[in-house]
Every structure is written in C-alpha cells, then in structure tokens.
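Raw target22.cif, mmCIF, C-alpha atoms:
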```cif
data_entry
loop_
_atom_site.group_PDB
_atom_site.id
_atom_site.type_symbol
_atom_site.label_atom_id
_atom_site.label_comp_id
_atom_site.auth_asym_id
_atom_site.auth_seq_id
_atom_site.Cartn_x
_atom_site.Cartn_y
_atom_site.Cartn_z
ATOM 1 C CA MET A 1 0.000 0.000 0.000
ATOM 2 C CA LYS A 2 2.844 2.367 0.875
ATOM 3 C CA ILE A 3 4.533 1.718 -2.493
ATOM 4 C CA LYS A 4 1.319 2.570 -4.382
ATOM 5 C CA TYR A 5 1.033 5.797 -2.388
ATOM 6 C CA LEU A 6 4.647 6.800 -3.144
ATOM 7 C CA PHE A 7 4.208 5.928 -6.824
ATOM 8 C CA PHE A 8 1.033 8.029 -6.996
ATOM 9 C CA LEU A 9 2.836 10.928 -5.283
ATOM 10 C CA ALA A 10 5.726 10.688 -7.747
ATOM 11 C CA ILE A 11 3.387 10.774 -10.758
ATOM 12 C CA ILE A 12 1.471 13.760 -9.392
ATOM 13 C CA SER A 13 4.728 15.599 -8.672
ATOM 14 C CA LEU A 14 5.895 15.068 -12.255
ATOM 15 C CA LEU A 15 2.623 16.363 -13.660
ATOM 16 C CA PHE A 16 2.809 19.520 -11.572
ATOM 17 C CA ALA A 17 6.462 20.041 -12.510
ATOM 18 C CA PHE A 18 5.518 20.360 -16.192
ATOM 19 C CA ASN A 19 3.000 23.073 -15.386
ATOM 20 C CA VAL A 20 5.501 25.127 -13.393
ATOM 21 C CA HIS A 21 8.193 25.472 -16.076
ATOM 22 C CA LYS A 22 7.208 26.975 -19.414
ATOM 23 C CA LEU A 23 9.307 26.095 -22.442
ATOM 24 C CA TYR A 24 10.082 28.672 -25.115
ATOM 25 C CA VAL A 25 11.800 27.509 -28.280
ATOM 26 C CA SER A 26 13.328 29.459 -31.122
ATOM 27 C CA ILE A 27 15.902 28.621 -33.736
ATOM 28 C CA CYS A 28 18.660 31.002 -34.725
ATOM 29 C CA HIS A 29 20.774 30.396 -37.830
ATOM 30 C CA VAL A 30 23.923 32.508 -38.234
ATOM 31 C CA GLU A 31 25.856 32.521 -41.490
ATOM 32 C CA TYR A 32 28.843 34.542 -42.684
ATOM 33 C CA VAL A 33 28.510 35.493 -46.349
ATOM 34 C CA LYS A 34 32.074 36.022 -47.511
ATOM 35 C CA LYS A 35 31.104 37.517 -50.885
ATOM 36 C CA GLN A 36 29.139 40.324 -49.172
ATOM 37 C CA GLN A 37 31.279 40.367 -46.021
ATOM 38 C CA THR A 38 28.143 40.236 -43.907
ATOM 39 C CA VAL A 39 26.727 38.085 -41.166
ATOM 40 C CA GLN A 40 23.165 36.997 -41.887
ATOM 41 C CA ILE A 41 20.974 35.899 -39.005
ATOM 42 C CA THR A 42 17.672 34.080 -39.421
ATOM 43 C CA VAL A 43 15.484 33.619 -36.369
ATOM 44 C CA SER A 44 12.491 31.254 -36.268
ATOM 45 C CA ILE A 45 10.077 31.953 -33.431
ATOM 46 C CA PHE A 46 6.612 30.617 -32.677
ATOM 47 C CA ILE A 47 4.138 33.352 -33.589
ATOM 48 C CA ASP A 48 2.132 33.051 -30.375
ATOM 49 C CA ASP A 49 5.277 33.442 -28.241
ATOM 50 C CA LEU A 50 6.398 36.420 -30.312
ATOM 51 C CA GLU A 51 2.978 38.056 -30.128
ATOM 52 C CA LEU A 52 2.812 37.578 -26.370
ATOM 53 C CA ALA A 53 6.217 39.251 -25.929
ATOM 54 C CA LEU A 54 5.411 42.124 -28.280
ATOM 55 C CA ASN A 55 1.991 42.739 -26.724
ATOM 56 C CA LYS A 56 3.519 42.765 -23.257
ATOM 57 C CA GLN A 57 6.375 45.114 -24.188
ATOM 58 C CA ASN A 58 4.131 47.561 -26.044
ATOM 59 C CA LYS A 59 0.936 47.190 -24.019
ATOM 60 C CA THR A 60 -1.073 46.522 -27.170
ATOM 61 C CA LYS A 61 -2.893 43.763 -29.050
ATOM 62 C CA LEU A 62 -1.194 43.088 -32.396
ATOM 63 C CA ASN A 63 -3.254 40.067 -33.572
ATOM 64 C CA ILE A 64 -0.346 38.679 -35.629
ATOM 65 C CA ALA A 65 -1.274 36.474 -38.618
ATOM 66 C CA THR A 66 -4.971 37.326 -38.394
ATOM 67 C CA LYS A 67 -7.319 39.494 -40.451
ATOM 68 C CA THR A 68 -7.146 42.187 -37.753
ATOM 69 C CA GLU A 69 -3.333 42.334 -37.591
ATOM 70 C CA LYS A 70 -1.975 45.837 -37.088
ATOM 71 C CA ASN A 71 -0.153 47.328 -40.087
ATOM 72 C CA ASN A 72 3.066 48.157 -38.244
ATOM 73 C CA VAL A 73 3.939 44.801 -36.631
ATOM 74 C CA ASP A 74 7.414 44.967 -38.218
ATOM 75 C CA VAL A 75 8.121 48.193 -36.318
ATOM 76 C CA TYR A 76 7.232 46.523 -33.019
ATOM 77 C CA PHE A 77 9.350 43.474 -33.903
ATOM 78 C CA GLN A 78 12.361 45.598 -34.882
ATOM 79 C CA LYS A 79 12.099 47.529 -31.614
ATOM 80 C CA TYR A 80 11.893 44.231 -29.700
ATOM 81 C CA LEU A 81 15.007 42.885 -31.427
ATOM 82 C CA GLN A 82 16.932 46.104 -30.768
ATOM 83 C CA ASN A 83 16.116 45.762 -27.062
ATOM 84 C CA HIS A 84 16.804 42.025 -26.747
ATOM 85 C CA LEU A 85 19.321 41.017 -29.430
ATOM 86 C CA LYS A 86 22.918 42.164 -29.122
ATOM 87 C CA ILE A 87 25.465 41.175 -31.756
ATOM 88 C CA LYS A 88 29.070 41.186 -30.692
ATOM 89 C CA LEU A 89 31.799 40.617 -33.292
ATOM 90 C CA ASN A 90 35.501 41.000 -32.507
ATOM 91 C CA ASN A 91 34.588 42.404 -29.067
ATOM 92 C CA ASN A 92 32.493 45.174 -30.635
ATOM 93 C CA ILE A 93 28.717 45.500 -30.319
ATOM 94 C CA ASN A 94 27.322 45.893 -33.831
ATOM 95 C CA ASN A 95 24.094 47.334 -35.163
ATOM 96 C CA PHE A 96 21.990 45.282 -37.516
ATOM 97 C CA ASN A 97 19.771 45.945 -40.510
ATOM 98 C CA PHE A 98 16.254 44.660 -40.246
#
```

Represent the structure contained in this file as structure tokens.
Amino acid sequence: MKIKYLFFLAIISLLFAFNVHKLYVSICHVEYVKKQQTVQITVSIFIDDLELALNKQNKTKLNIATKTEKNNVDVYFQKYLQNHLKIKLNNNINNFNF
C-alpha cells in the first residue's frame, strides 16, 4: 500500500512540474557570407510566443497572422530585437539591418 502511495505521489509531482516550467523555443541560424562580407541571421520563433512578448512590451494587441493584424507589426518586432538582441563581433557590439 505504501509503495502505491509513493508511486502516486511521484506521478502527481511530475505532472505539476511540467506546469511550473514553461518552455520557449526558437531557432537562430547565423551565417557569414564572404562575398558580401556580412553576417546573416535568421530567427524562427513561434508566432504566439512572439505576439505575447510584443503585446507585453508595447501594451497593445497586435493580432499577428490574423485578419485584424496591425499594419506596423514589423516596427514593433524591430524595436523588440533592438532591445533584446545584441550582436558582438571581434569584441564590438554591432548594429543590424532589419
């Protein structure tokens, strides 16, 4: 009986653990283009995670990828990247083109 109780407790603990920690995933691909002497960065982010962050930072409702999406979402995204993405090459912080 005690083993069943401990097993039940362990399962419940695991279930609650998954609710406590949220997981955010993005993919960032960095490539140096020798011909252009540039570094190109491609970032893949889940739209709902991006929208949540942008809405929170700007205290707005952007409705990304819907019929009611605001026209200037790119402006909000560029501002977000400027605040949260820092590119350091050869010990120098560099600006980026969006």

Select from stretch 31-51 of chain A every residue with an atom at most 12 Å from any atom of stretch 86-94 of chain A, then for each give the shortest pair of atoms and their distance in Å to one decimal, using all atoms listed in the file, rows by chain and rising number, as a tab-separated table.
```
residue	atom	partner	partner_atom	distance
A:Tyr32	CA	A:Leu89	CA	11.6
A:Thr38	CA	A:Leu89	CA	11.2
A:Val39	CA	A:Leu89	CA	9.7
A:Gln40	CA	A:Ile87	CA	11.2
A:Ile41	CA	A:Ile87	CA	10.0
```

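Take the PyMOL selection byres ((chain A and resi 43) around 6) and apply it to this file: it picks Ile27, Cys28, Thr42 and Ser44 of chain A.
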
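Note that the spacing between atom CA of A:Val25 and atom CA of A:Asn95 amounts to 24.3 Å.
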
Here's the selection I'm unsure about, the PyMOL selection byres ((chain A and resi 64-80) around 8); applied to the file above, which residues does it give, as a compact mmCIF listing (two decimals) with C-alpha atoms, keeping the file's coordinate frame?
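And here's selection31.txt as it stands now:
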```
# COMPACT_ATOMS: atom_id res chain seq x y z
CA ILE A 47 4.14 33.35 -33.59
CA GLU A 51 2.98 38.06 -30.13
CA LEU A 54 5.41 42.12 -28.28
CA GLN A 57 6.38 45.11 -24.19
CA ASN A 58 4.13 47.56 -26.04
CA LEU A 62 -1.19 43.09 -32.40
CA ASN A 63 -3.25 40.07 -33.57
CA LEU A 81 15.01 42.88 -31.43
CA GLN A 82 16.93 46.10 -30.77
CA ASN A 83 16.12 45.76 -27.06
CA HIS A 84 16.80 42.02 -26.75
CA PHE A 98 16.25 44.66 -40.25
```

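The interatomic distance for the pair atom CA of A:Leu52 and atom CA of A:Glu31 works out to 28.0 Å.
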
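Coordinates place atom CA of A:Leu50 at a distance of 9.9 Å from atom CA of A:Ser26.
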
Generate the coordinates of N, CA and C atoms for stretch 54-70 of chain A; report them as a PDB file, in the frame of the given file.
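In the end it all went to selection21.pdb:
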```pdb
ATOM      1  N   LEU A  54       5.617  40.790 -27.703  1.00  0.00           N
ATOM      2  CA  LEU A  54       5.411  42.124 -28.280  1.00  0.00           C
ATOM      3  C   LEU A  54       4.235  42.844 -27.623  1.00  0.00           C
ATOM      4  N   ASN A  55       3.147  42.129 -27.395  1.00  0.00           N
ATOM      5  CA  ASN A  55       1.991  42.739 -26.724  1.00  0.00           C
ATOM      6  C   ASN A  55       2.356  43.221 -25.333  1.00  0.00           C
ATOM      7  N   LYS A  56       3.129  42.406 -24.620  1.00  0.00           N
ATOM      8  CA  LYS A  56       3.519  42.765 -23.257  1.00  0.00           C
ATOM      9  C   LYS A  56       4.434  43.989 -23.254  1.00  0.00           C
ATOM     10  N   GLN A  57       5.420  44.003 -24.145  1.00  0.00           N
ATOM     11  CA  GLN A  57       6.375  45.114 -24.188  1.00  0.00           C
ATOM     12  C   GLN A  57       5.703  46.421 -24.589  1.00  0.00           C
ATOM     13  N   ASN A  58       4.740  46.351 -25.494  1.00  0.00           N
ATOM     14  CA  ASN A  58       4.131  47.561 -26.044  1.00  0.00           C
ATOM     15  C   ASN A  58       2.742  47.863 -25.509  1.00  0.00           C
ATOM     16  N   LYS A  59       2.265  47.017 -24.610  1.00  0.00           N
ATOM     17  CA  LYS A  59       0.936  47.190 -24.019  1.00  0.00           C
ATOM     18  C   LYS A  59      -0.121  47.404 -25.115  1.00  0.00           C
ATOM     19  N   THR A  60      -0.157  46.442 -26.040  1.00  0.00           N
ATOM     20  CA  THR A  60      -1.073  46.522 -27.170  1.00  0.00           C
ATOM     21  C   THR A  60      -1.556  45.129 -27.538  1.00  0.00           C
ATOM     22  N   LYS A  61      -2.388  45.036 -28.527  1.00  0.00           N
ATOM     23  CA  LYS A  61      -2.893  43.763 -29.050  1.00  0.00           C
ATOM     24  C   LYS A  61      -2.640  43.776 -30.551  1.00  0.00           C
ATOM     25  N   LEU A  62      -1.608  43.033 -30.997  1.00  0.00           N
ATOM     26  CA  LEU A  62      -1.194  43.088 -32.396  1.00  0.00           C
ATOM     27  C   LEU A  62      -1.967  42.143 -33.313  1.00  0.00           C
ATOM     28  N   ASN A  63      -2.490  41.048 -32.778  1.00  0.00           N
ATOM     29  CA  ASN A  63      -3.254  40.067 -33.572  1.00  0.00           C
ATOM     30  C   ASN A  63      -2.457  39.575 -34.787  1.00  0.00           C
ATOM     31  N   ILE A  64      -1.236  39.124 -34.556  1.00  0.00           N
ATOM     32  CA  ILE A  64      -0.346  38.679 -35.629  1.00  0.00           C
ATOM     33  C   ILE A  64      -0.959  37.498 -36.383  1.00  0.00           C
ATOM     34  N   ALA A  65      -0.815  37.532 -37.707  1.00  0.00           N
ATOM     35  CA  ALA A  65      -1.274  36.474 -38.618  1.00  0.00           C
ATOM     36  C   ALA A  65      -2.791  36.279 -38.582  1.00  0.00           C
ATOM     37  N   THR A  66      -3.511  37.363 -38.335  1.00  0.00           N
ATOM     38  CA  THR A  66      -4.971  37.326 -38.394  1.00  0.00           C
ATOM     39  C   THR A  66      -5.456  38.442 -39.322  1.00  0.00           C
ATOM     40  N   LYS A  67      -6.743  38.451 -39.598  1.00  0.00           N
ATOM     41  CA  LYS A  67      -7.319  39.494 -40.451  1.00  0.00           C
ATOM     42  C   LYS A  67      -7.254  40.872 -39.802  1.00  0.00           C
ATOM     43  N   THR A  68      -7.165  40.912 -38.469  1.00  0.00           N
ATOM     44  CA  THR A  68      -7.146  42.187 -37.753  1.00  0.00           C
ATOM     45  C   THR A  68      -5.742  42.588 -37.305  1.00  0.00           C
ATOM     46  N   GLU A  69      -4.716  42.001 -37.948  1.00  0.00           N
ATOM     47  CA  GLU A  69      -3.333  42.334 -37.591  1.00  0.00           C
ATOM     48  C   GLU A  69      -3.059  43.811 -37.848  1.00  0.00           C
ATOM     49  N   LYS A  70      -2.341  44.437 -36.904  1.00  0.00           N
ATOM     50  CA  LYS A  70      -1.975  45.837 -37.088  1.00  0.00           C
ATOM     51  C   LYS A  70      -0.980  45.961 -38.242  1.00  0.00           C
TER      52      LYS A  70
END
```
